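Source file: work-v8.cif. Holds: mmCIF, C-alpha atoms.
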data_data
loop_
_atom_site.label_atom_id
_atom_site.label_comp_id
_atom_site.auth_asym_id
_atom_site.auth_seq_id
_atom_site.Cartn_x
_atom_site.Cartn_y
_atom_site.Cartn_z
CA MET A 1 83.58 97.92 58.33
CA ASN A 2 84.93 94.89 60.20
CA VAL A 3 87.40 94.94 63.08
CA LEU A 4 89.41 92.07 64.60
CA ILE A 5 90.46 92.45 68.24
CA THR A 6 92.93 90.01 69.79
CA GLY A 7 92.76 89.97 73.58
CA VAL A 8 89.12 91.03 73.45
CA THR A 9 88.32 89.62 76.90
CA GLY A 10 90.94 91.75 78.67
CA MET A 11 90.45 95.12 80.32
CA VAL A 12 91.50 97.10 77.24
CA GLY A 13 89.86 94.78 74.72
CA SER A 14 86.49 94.84 76.46
CA HIS A 15 86.55 98.62 76.85
CA LEU A 16 87.44 98.91 73.16
CA VAL A 17 84.34 96.85 72.36
CA ASP A 18 82.28 99.26 74.50
CA TYR A 19 83.73 102.24 72.63
CA LEU A 20 83.20 100.78 69.17
CA ILE A 21 79.64 99.68 69.90
CA GLU A 22 78.77 103.19 71.07
CA ASN A 23 80.70 105.22 68.50
CA THR A 24 80.75 103.18 65.28
CA GLU A 25 78.66 100.75 63.26
CA TRP A 26 81.56 98.33 62.80
CA ASN A 27 81.22 94.57 63.12
CA ILE A 28 83.51 93.36 65.90
CA TYR A 29 85.31 90.01 65.75
CA GLY A 30 86.93 89.06 69.05
CA PHE A 31 89.73 86.48 69.06
CA ILE A 32 89.59 84.38 72.24
CA ARG A 33 91.12 81.23 73.68
CA TRP A 34 88.71 78.43 74.52
CA ASN A 35 89.28 78.88 78.28
CA ASP A 36 89.16 82.69 78.45
CA ARG A 37 86.90 84.13 81.12
CA LEU A 38 84.16 86.22 79.55
CA ASP A 39 83.26 88.33 82.62
CA ASN A 40 84.43 91.56 81.01
CA LEU A 41 82.05 91.03 78.09
CA GLU A 42 79.07 89.95 80.20
CA HIS A 43 77.13 93.13 79.44
CA HIS A 44 77.38 92.27 75.73
CA PHE A 45 76.15 88.66 76.02
CA ASP A 46 72.80 89.48 74.43
CA ARG A 47 74.51 90.88 71.33
CA ILE A 48 76.99 88.00 71.24
CA ASN A 49 74.26 85.37 71.49
CA LYS A 50 72.22 87.07 68.78
CA LYS A 51 75.33 87.62 66.62
CA ASP A 52 74.48 91.30 66.58
CA ARG A 53 77.72 93.05 65.57
CA ILE A 54 79.86 91.07 68.06
CA PHE A 55 81.30 87.71 67.02
CA LEU A 56 83.76 85.55 68.99
CA ILE A 57 86.36 83.41 67.21
CA ASN A 58 88.19 80.68 69.12
CA GLY A 59 91.91 80.24 68.66
CA ASP A 60 95.33 80.94 70.10
CA LEU A 61 98.13 83.24 68.97
CA ASN A 62 100.53 80.31 69.24
CA ASP A 63 98.41 78.20 66.88
CA LEU A 64 99.05 79.60 63.40
CA PRO A 65 96.13 77.86 61.61
CA SER A 66 93.66 79.35 64.10
CA VAL A 67 95.16 82.82 63.61
CA ILE A 68 94.87 82.44 59.83
CA SER A 69 91.24 81.35 60.23
CA ALA A 70 90.44 84.41 62.37
CA VAL A 71 92.00 86.77 59.83
CA GLU A 72 90.12 85.12 56.97
CA GLU A 73 86.78 84.94 58.77
CA SER A 74 86.83 88.52 60.03
CA GLU A 75 87.84 90.09 56.70
CA ALA A 76 88.98 92.91 58.94
CA ASN A 77 89.48 96.48 57.79
CA TYR A 78 91.04 97.21 61.19
CA VAL A 79 93.03 94.94 63.51
CA PHE A 80 93.80 95.77 67.14
CA HIS A 81 96.47 93.40 68.44
CA LEU A 82 96.05 93.61 72.21
CA ALA A 83 96.52 89.96 73.23
CA ALA A 84 99.63 89.15 75.25
CA GLN A 85 101.03 87.61 78.37
CA SER A 86 100.70 91.06 79.88
CA TYR A 87 101.91 90.71 83.47
CA PRO A 88 105.52 91.88 84.05
CA LYS A 89 105.76 90.16 87.46
CA THR A 90 104.54 86.84 85.99
CA SER A 91 107.13 87.02 83.23
CA PHE A 92 109.95 86.48 85.74
CA SER A 93 108.55 83.04 86.59
CA ALA A 94 107.26 82.23 83.08
CA PRO A 95 109.76 83.87 80.70
CA LEU A 96 109.49 81.35 77.86
CA GLU A 97 105.71 81.49 77.72
CA THR A 98 105.92 85.29 77.73
CA LEU A 99 108.43 85.39 74.88
CA GLN A 100 106.57 82.73 72.89
CA THR A 101 103.16 84.39 73.15
CA ASN A 102 104.24 87.98 72.73
CA ILE A 103 106.89 87.58 70.01
CA ILE A 104 106.03 84.42 68.08
CA GLY A 105 102.31 85.03 68.59
CA THR A 106 102.67 88.50 67.11
CA ALA A 107 104.69 87.11 64.21
CA ASN A 108 101.92 84.57 63.56
CA LEU A 109 99.38 87.37 63.37
CA MET A 110 101.56 89.55 61.13
CA GLU A 111 102.22 86.64 58.74
CA SER A 112 98.49 85.87 58.63
CA ILE A 113 97.63 89.48 57.85
CA ARG A 114 100.33 89.64 55.18
CA ASP A 115 99.16 86.44 53.46
CA TYR A 116 95.41 86.39 54.11
CA GLY A 117 94.36 89.85 55.27
CA GLU A 118 92.53 92.57 53.37
CA ASP A 119 94.67 94.73 51.11
CA ASP A 120 93.64 97.95 52.83
CA VAL A 121 93.86 96.67 56.41
CA VAL A 122 94.99 99.08 59.13
CA VAL A 123 96.73 97.42 62.08
CA HIS A 124 97.49 98.54 65.62
CA VAL A 125 100.23 96.59 67.39
CA CYS A 126 100.20 97.23 71.12
CA ALA A 127 103.71 97.23 72.58
CA SER A 128 104.34 98.80 75.99
CA SER A 129 106.11 101.61 77.79
CA GLU A 130 107.92 98.82 79.66
CA ILE A 131 110.30 98.57 76.67
CA PHE A 132 112.08 101.68 77.95
CA GLY A 133 112.73 100.01 81.30
CA ARG A 134 115.28 101.71 83.51
CA VAL A 135 115.39 105.26 82.16
CA PRO A 136 117.84 107.86 83.55
CA LYS A 137 116.15 110.89 85.12
CA ASP A 138 117.74 113.22 82.57
CA LYS A 139 115.75 111.51 79.80
CA LEU A 140 112.36 112.30 81.35
CA PRO A 141 109.76 112.70 80.01
CA ILE A 142 110.32 109.67 77.77
CA ASP A 143 109.91 110.35 74.06
CA GLU A 144 109.76 107.85 71.21
CA GLU A 145 113.50 108.00 70.52
CA CYS A 146 114.56 107.26 74.08
CA SER A 147 116.99 104.33 74.31
CA ILE A 148 115.52 101.07 75.60
CA HIS A 149 116.66 99.11 78.65
CA PRO A 150 113.95 96.47 79.26
CA ALA A 151 113.76 95.35 82.89
CA SER A 152 111.74 92.11 82.64
CA PRO A 153 111.14 89.22 80.25
CA TYR A 154 107.78 90.90 79.56
CA ALA A 155 109.52 94.11 78.53
CA ILE A 156 111.95 92.18 76.33
CA SER A 157 109.01 90.43 74.66
CA LYS A 158 107.36 93.77 74.00
CA VAL A 159 110.53 95.06 72.34
CA GLY A 160 110.09 92.17 69.94
CA THR A 161 106.41 92.99 69.48
CA ASP A 162 107.25 96.62 68.77
CA LEU A 163 109.94 95.80 66.22
CA LEU A 164 107.84 93.16 64.48
CA GLY A 165 105.07 95.67 63.85
CA ARG A 166 107.48 98.18 62.39
CA TYR A 167 109.26 95.53 60.31
CA TYR A 168 106.07 94.25 58.67
CA ALA A 169 105.03 97.83 57.90
CA GLU A 170 108.35 98.73 56.30
CA ALA A 171 109.04 95.43 54.54
CA PHE A 172 105.58 94.72 53.14
CA GLY A 173 103.88 98.10 52.98
CA ILE A 174 101.15 97.21 55.49
CA THR A 175 99.64 100.10 57.43
CA ILE A 176 100.80 99.04 60.89
CA MET A 177 101.33 101.42 63.79
CA THR A 178 102.93 100.53 67.10
CA THR A 179 102.01 102.10 70.44
CA ARG A 180 103.81 102.27 73.76
CA MET A 181 100.97 102.89 76.19
CA PHE A 182 102.10 103.97 79.64
CA THR A 183 100.24 102.98 82.82
CA HIS A 184 96.50 102.82 82.15
CA THR A 185 93.86 101.52 84.48
CA GLY A 186 90.24 101.63 85.53
CA PRO A 187 87.35 99.19 85.89
CA ARG A 188 88.23 95.56 84.96
CA ARG A 189 91.94 96.04 85.62
CA GLY A 190 93.60 92.73 86.57
CA ASP A 191 94.51 92.40 90.23
CA VAL A 192 98.15 91.62 89.45
CA PHE A 193 98.75 95.35 88.87
CA SER A 194 99.55 97.61 91.80
CA GLU A 195 96.66 100.07 91.76
CA SER A 196 94.15 97.31 91.13
CA THR A 197 95.38 94.98 93.85
CA PHE A 198 95.36 97.95 96.26
CA ALA A 199 91.77 98.78 95.34
CA LYS A 200 90.77 95.12 95.62
CA GLN A 201 92.39 94.80 99.04
CA ILE A 202 90.61 97.93 100.26
CA ALA A 203 87.29 96.57 99.03
CA MET A 204 87.98 93.26 100.78
CA ILE A 205 88.91 95.06 104.00
CA GLU A 206 85.69 97.11 103.83
CA ALA A 207 83.72 93.90 103.29
CA GLY A 208 85.37 92.17 106.25
CA LEU A 209 87.16 89.65 104.02
CA GLN A 210 90.72 90.75 104.86
CA GLU A 211 92.44 92.15 107.93
CA PRO A 212 93.00 95.94 107.69
CA THR A 213 96.47 95.59 106.15
CA ILE A 214 97.34 96.29 102.51
CA TYR A 215 100.27 94.27 101.18
CA VAL A 216 102.46 96.19 98.75
CA GLY A 217 105.61 96.06 96.61
CA ASN A 218 107.81 98.99 95.59
CA LEU A 219 106.00 102.22 96.46
CA ASP A 220 108.72 104.54 95.16
CA SER A 221 108.27 103.86 91.43
CA LEU A 222 107.08 106.91 89.51
CA ARG A 223 104.07 106.42 87.21
CA THR A 224 101.96 108.58 84.92
CA TYR A 225 98.37 107.33 85.05
CA ALA A 226 95.80 107.23 82.25
CA ASP A 227 92.26 105.90 82.18
CA VAL A 228 91.55 102.81 80.08
CA ARG A 229 88.53 104.59 78.55
CA ASP A 230 90.84 107.34 77.30
CA ALA A 231 93.25 104.68 76.06
CA VAL A 232 90.71 102.97 73.80
CA GLU A 233 89.65 106.30 72.32
CA ALA A 234 93.33 106.92 71.55
CA TYR A 235 93.52 103.54 69.81
CA TYR A 236 90.45 104.35 67.72
CA LEU A 237 91.99 107.66 66.64
CA LEU A 238 95.26 105.88 65.90
CA VAL A 239 93.70 103.77 63.13
CA THR A 240 91.23 106.36 61.79
CA LYS A 241 93.18 109.67 61.85
CA ASN A 242 95.51 109.53 58.84
CA PRO A 243 97.20 106.24 59.82
CA ILE A 244 100.83 106.06 58.69
CA GLY A 245 102.40 102.62 58.38
CA GLY A 246 105.58 102.16 60.37
CA GLU A 247 104.89 104.97 62.84
CA TYR A 248 105.23 104.44 66.57
CA TYR A 249 103.78 106.51 69.38
CA ASN A 250 104.00 106.97 73.13
CA ILE A 251 100.55 107.35 74.70
CA GLY A 252 99.82 108.13 78.34
CA GLY A 253 98.03 110.27 80.86
CA GLU A 254 98.80 113.58 82.52
CA TYR A 255 98.91 112.77 86.25
CA THR A 256 102.28 111.64 87.59
CA CYS A 257 102.98 110.43 91.11
CA LYS A 258 104.73 107.70 93.06
CA ILE A 259 102.89 104.42 93.55
CA GLY A 260 102.84 105.24 97.26
CA ASP A 261 100.98 108.49 96.59
CA MET A 262 98.43 106.62 94.49
CA LEU A 263 97.96 104.14 97.35
CA ASN A 264 97.46 106.97 99.83
CA TYR A 265 94.73 108.43 97.62
CA LEU A 266 92.90 105.11 97.44
CA ILE A 267 93.13 104.70 101.22
CA SER A 268 91.75 108.22 101.66
CA GLN A 269 88.64 107.12 99.75
CA SER A 270 88.04 104.12 101.98
CA THR A 271 85.30 103.85 104.56
CA ARG A 272 87.89 102.45 106.97
CA ASP A 273 90.34 104.60 108.93
CA ASP A 274 92.45 101.81 110.40
CA ILE A 275 94.24 100.51 107.30
CA LYS A 276 97.94 99.71 107.63
CA ILE A 277 100.57 99.12 104.92
CA GLU A 278 103.01 96.22 104.86
CA VAL A 279 105.69 95.39 102.26
CA ASP A 280 105.37 91.88 100.83
CA ALA A 281 108.66 90.61 99.37
CA ASP A 282 106.77 88.46 96.86
CA ARG A 283 105.37 91.64 95.29
CA LEU A 284 108.79 93.09 94.50
CA ARG A 285 110.26 92.67 91.00
CA PRO A 286 113.92 91.60 90.64
CA ILE A 287 114.35 94.75 88.50
CA ASP A 288 111.83 97.58 88.30
CA ALA A 289 111.07 100.10 85.58
CA ASP A 290 110.70 102.88 88.09
CA LEU A 291 110.49 106.10 86.05
CA GLN A 292 107.52 105.75 83.69
CA VAL A 293 106.76 109.33 82.62
CA PRO A 294 105.83 109.84 78.94
CA ASN A 295 106.21 112.57 76.38
CA THR A 296 103.04 112.16 74.26
CA GLU A 297 103.38 115.22 72.00
CA LYS A 298 103.91 113.19 68.82
CA PHE A 299 100.64 111.28 69.18
CA ARG A 300 98.65 114.31 70.36
CA ASP A 301 99.89 116.45 67.49
CA HIS A 302 98.96 113.74 64.98
CA THR A 303 95.50 112.85 66.30
CA GLY A 304 94.33 115.68 68.56
CA TRP A 305 93.77 113.17 71.36
CA LYS A 306 93.59 114.42 74.93
CA PRO A 307 92.68 112.52 78.12
CA LYS A 308 89.23 113.24 79.54
CA TYR A 309 89.24 111.35 82.84
CA THR A 310 91.00 112.75 85.89
CA PHE A 311 93.23 110.65 88.12
CA GLU A 312 90.65 110.86 90.88
CA GLU A 313 87.80 109.69 88.62
CA THR A 314 89.86 106.76 87.42
CA MET A 315 90.87 105.62 90.88
CA ASN A 316 87.38 106.05 92.32
CA ASP A 317 85.88 104.02 89.47
CA LEU A 318 88.51 101.31 89.97
CA LEU A 319 87.76 101.14 93.70
CA ASN A 320 84.02 101.00 93.09
CA TYR A 321 84.55 98.24 90.51
CA TRP A 322 86.17 96.05 93.16
CA ARG A 323 83.54 96.97 95.73
#
Would you mind writing the file out in structure tokens?
Amino acid sequence: MNVLITGVTGMVGSHLVDYLIENTEWNIYGFIRWNDRLDNLEHHFDRINKKDRIFLINGDLNDLPSVISAVEESEANYVFHLAAQSYPKTSFSAPLETLQTNIIGTANLMESIRDYGEDDVVVHVCASSEIFGRVPKDKLPIDEECSIHPASPYAISKVGTDLLGRYYAEAFGITIMTTRMFTHTGPRRGDVFSESTFAKQIAMIEAGLQEPTIYVGNLDSLRTYADVRDAVEAYYLLVTKNPIGGEYYNIGGEYTCKIGDMLNYLISQSTRDDIKIEVDADRLRPIDADLQVPNTEKFRDHTGWKPKYTFEETMNDLLNYWR
């Protein structure tokens, strides 16, 4: 079996490689841009250099010929479309790039799969829980049929991603499933996300590289946290457990708290007892999706998936990663 992973150098993509290397015998084709940092795949360099099950293909989602080449070269039985401009805060300052990459880039991939992909290909299109945006409290927990109210250009772009996946499944009979993964984190999480920048700042404070003040944004947003290692297992089950084209699923963890509570836990695990908290206006979004609590029954009933990592394990591993 062959698998094509877009966004293979990201947190989720690299953990998916880890999972597939350990749990399958699939050949893994990773789609990367020429200037992508490869740090997250460093522990696989020996395999990559020897072309032992892991192969990297250069290209860009916004360059259709390179996407076509990746689909043809990989001859993929499974495609995980994880690549995106994935930072909500960044999307406010770079909305056009976000829309171009996440919507047109996804359309390029879907067209390439339709025209050049394997007949029996199974595709996972990764949307986001951010599509739901500003959800009224009476609609919690959020199920798949909840109305959408995207609160950032990133969220709007992921609405397009979500709908494109479902359209290509329904219009052309391709086995494509769309997921709305809620907050997921762990080692290798980018430092533009709240829990990761908090952990990084704590590690820097402990190392004497930053004054004992953590700079924060909105601490009142409610989040349900999952571990990235649970997330990639969910994605594997998505494409291997009776995949149904056109289906869409909410996926997320079990531990819900305010961002401020998550920060307090991380601080409690620090070796320093003098850490202060200060709000940084630059870290606040113009609009915030502040009630991100999922109903995941549909996906669990279909696949039997259940998270294995506790909130505490995830946060401790994230903190130790930055240390």
Counting all atoms listed in the file, what are the residues of range 146-191 of chain A within 6 Å of range 108-128 of chain A, and for each of them which pair of atoms is the nearest and at what distance in Å, to one decimal? Sort the table by chain and rising number, as CSV.
residue,atom,partner,partner_atom,distance
A:Lys158,CA,A:Ala127,CA,5.2
A:Thr161,CA,A:Ala127,CA,5.9
A:Asp162,CA,A:Ala127,CA,5.2
A:Thr175,CA,A:Val122,CA,5.1
A:Ile176,CA,A:Val123,CA,4.5
A:Met177,CA,A:His124,CA,5.1
A:Thr178,CA,A:Val125,CA,4.8
A:Thr179,CA,A:Cys126,CA,5.2
A:Arg180,CA,A:Ser128,CA,4.2
A:Met181,CA,A:Ser128,CA,5.3
_Point-to-point distance from CA of Tyr265 in chain A to CA of Thr314 in chain A, Å rounded to tenths_ =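 Computing the Euclidean distance for CA of Tyr265 in chain A and CA of Thr314 in chain A yields 11.4 Å.
Evaluated against this file, the PyMOL selection byres ((chain A and resi 145) around 10) yields A:Phe132, A:Ile142, A:Asp143, A:Glu144, A:Cys146, A:Ser147, A:Ile148, A:Tyr248, A:Tyr249, A:Asn250.
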*For range 80-88 of chain A, work out the shell of residues within 7 Å, counting all atoms listed in the file and skipping chain neighbours fewer than 3 positions away, then give it as JSON, numbers by chain.*
{"A": [4, 5, 6, 7, 13, 91, 98, 101, 102, 123, 124, 125, 126, 152, 154]}
*Give as a PyMOL selection string the residues that the PyMOL selection byres ((chain A and resi 24-30) around 12) matches when applied to the coordinates above.*
chain A and resi 1-10+13-14+16-23+31-33+36+38+41+44+47-48+51-60+67+69-83+233+236+240
*Contacts of Ile267 in chain A at 12 Å or less, counting only C-alpha atoms, minus same-chain residues fewer than 3 places along, as a list in words?*
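In the requested form, the answer reads Glu195, Phe198, Ala199, Lys200, Gln201, Ile202, Ala203, Ile205, Glu206, Pro212, Thr213, Ile214, Gly260, Asp261, Met262, Leu263, Asn264, Ser270, Thr271, Arg272, Asp273, Asp274, Ile275, Lys276, Ile277, Met315, Asn316 and Leu319 of chain A.
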*In Å to one decimal, how far is CA of Val228 in chain A from CA of Asp317 in chain A?*
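Rounded to one decimal, the two atoms are 11.0 Å apart.
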*Could you tell me which residues the PyMOL selection byres ((chain A and resi 290) around 9) returns for this structure, as a list of chain:residue names?*
A:Gly133, A:Arg134, A:Val135, A:Asn218, A:Asp220, A:Ser221, A:Leu222, A:Arg223, A:Ile287, A:Asp288, A:Ala289, A:Leu291, A:Gln292
*Counting all atoms listed in the file, which of A:Gly253, A:Leu266, A:Asn49, A:Thr106 gets nearest to Thr197 in chain A?*
A:Leu266
_Using Å and a single decimal, report how far CA of Leu164 in chain A sits from CA of Gly245 in chain A._
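Separating CA of Gly245 in chain A from CA of Leu164 in chain A is a distance of 12.5 Å.
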Quick one: axis-aligned box around all listed atoms of range 250-259 of chain A, 8 Å on every side, centre and edge lengths in Å to one decimal, written as AutoDock Vina command-line options.
--center_x 101.4 --center_y 109.0 --center_z 83.3 --size_x 22.7 --size_y 25.2 --size_z 36.4
*Rank nothing, just name the residue among A:Leu64, A:Leu219, A:Ile103, A:Leu163 nearest to Glu278 in chain A, using only C-alpha atoms.*
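The closest residue to Glu278 in chain A is A:Leu219.
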*Which one of A:Glu97, A:Asp46, A:Asp138, A:Asp191 sits closest to Tyr321 in chain A if you count all atoms listed in the file?*
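Once distances to Tyr321 in chain A are computed over all atoms listed in the file, the minimum belongs to A:Asp191.
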Quick one: range 159-172 of chain A with N, CA, C and O atoms, as a PDB file, in the coordinates of the input?
ATOM      1  N   VAL A 159     109.588  94.511  73.322  1.00  0.00           N
ATOM      2  CA  VAL A 159     110.530  95.060  72.340  1.00  0.00           C
ATOM      3  C   VAL A 159     110.379  94.298  71.031  1.00  0.00           C
ATOM      4  O   VAL A 159     110.327  94.892  69.940  1.00  0.00           O
ATOM      5  N   GLY A 160     110.293  92.969  71.134  1.00  0.00           N
ATOM      6  CA  GLY A 160     110.090  92.170  69.940  1.00  0.00           C
ATOM      7  C   GLY A 160     108.773  92.475  69.251  1.00  0.00           C
ATOM      8  O   GLY A 160     108.705  92.596  68.013  1.00  0.00           O
ATOM      9  N   THR A 161     107.721  92.629  70.038  1.00  0.00           N
ATOM     10  CA  THR A 161     106.410  92.990  69.480  1.00  0.00           C
ATOM     11  C   THR A 161     106.484  94.303  68.725  1.00  0.00           C
ATOM     12  O   THR A 161     105.989  94.431  67.603  1.00  0.00           O
ATOM     13  N   ASP A 162     107.099  95.286  69.352  1.00  0.00           N
ATOM     14  CA  ASP A 162     107.250  96.620  68.770  1.00  0.00           C
ATOM     15  C   ASP A 162     107.987  96.556  67.443  1.00  0.00           C
ATOM     16  O   ASP A 162     107.529  97.101  66.420  1.00  0.00           O
ATOM     17  N   LEU A 163     109.113  95.867  67.437  1.00  0.00           N
ATOM     18  CA  LEU A 163     109.940  95.800  66.220  1.00  0.00           C
ATOM     19  C   LEU A 163     109.281  94.984  65.119  1.00  0.00           C
ATOM     20  O   LEU A 163     109.437  95.296  63.935  1.00  0.00           O
ATOM     21  N   LEU A 164     108.555  93.950  65.488  1.00  0.00           N
ATOM     22  CA  LEU A 164     107.840  93.160  64.480  1.00  0.00           C
ATOM     23  C   LEU A 164     106.814  94.008  63.748  1.00  0.00           C
ATOM     24  O   LEU A 164     106.694  93.937  62.520  1.00  0.00           O
ATOM     25  N   GLY A 165     106.052  94.808  64.490  1.00  0.00           N
ATOM     26  CA  GLY A 165     105.070  95.670  63.850  1.00  0.00           C
ATOM     27  C   GLY A 165     105.703  96.622  62.861  1.00  0.00           C
ATOM     28  O   GLY A 165     105.233  96.781  61.730  1.00  0.00           O
ATOM     29  N   ARG A 166     106.810  97.230  63.266  1.00  0.00           N
ATOM     30  CA  ARG A 166     107.480  98.180  62.390  1.00  0.00           C
ATOM     31  C   ARG A 166     108.115  97.475  61.187  1.00  0.00           C
ATOM     32  O   ARG A 166     108.107  98.001  60.072  1.00  0.00           O
ATOM     33  N   TYR A 167     108.654  96.285  61.408  1.00  0.00           N
ATOM     34  CA  TYR A 167     109.260  95.530  60.310  1.00  0.00           C
ATOM     35  C   TYR A 167     108.230  95.176  59.235  1.00  0.00           C
ATOM     36  O   TYR A 167     108.474  95.386  58.033  1.00  0.00           O
ATOM     37  N   TYR A 168     107.081  94.649  59.652  1.00  0.00           N
ATOM     38  CA  TYR A 168     106.070  94.250  58.670  1.00  0.00           C
ATOM     39  C   TYR A 168     105.507  95.468  57.932  1.00  0.00           C
ATOM     40  O   TYR A 168     105.109  95.365  56.765  1.00  0.00           O
ATOM     41  N   ALA A 169     105.467  96.604  58.583  1.00  0.00           N
ATOM     42  CA  ALA A 169     105.030  97.830  57.900  1.00  0.00           C
ATOM     43  C   ALA A 169     106.042  98.248  56.839  1.00  0.00           C
ATOM     44  O   ALA A 169     105.684  98.548  55.693  1.00  0.00           O
ATOM     45  N   GLU A 170     107.320  98.249  57.207  1.00  0.00           N
ATOM     46  CA  GLU A 170     108.350  98.730  56.300  1.00  0.00           C
ATOM     47  C   GLU A 170     108.672  97.732  55.187  1.00  0.00           C
ATOM     48  O   GLU A 170     108.918  98.118  54.040  1.00  0.00           O
ATOM     49  N   ALA A 171     108.640  96.440  55.520  1.00  0.00           N
ATOM     50  CA  ALA A 171     109.040  95.430  54.540  1.00  0.00           C
ATOM     51  C   ALA A 171     107.931  95.108  53.541  1.00  0.00           C
ATOM     52  O   ALA A 171     108.220  94.821  52.373  1.00  0.00           O
ATOM     53  N   PHE A 172     106.672  95.182  53.982  1.00  0.00           N
ATOM     54  CA  PHE A 172     105.580  94.720  53.140  1.00  0.00           C
ATOM     55  C   PHE A 172     104.527  95.786  52.848  1.00  0.00           C
ATOM     56  O   PHE A 172     103.506  95.505  52.233  1.00  0.00           O
TER      57      PHE A 172
END
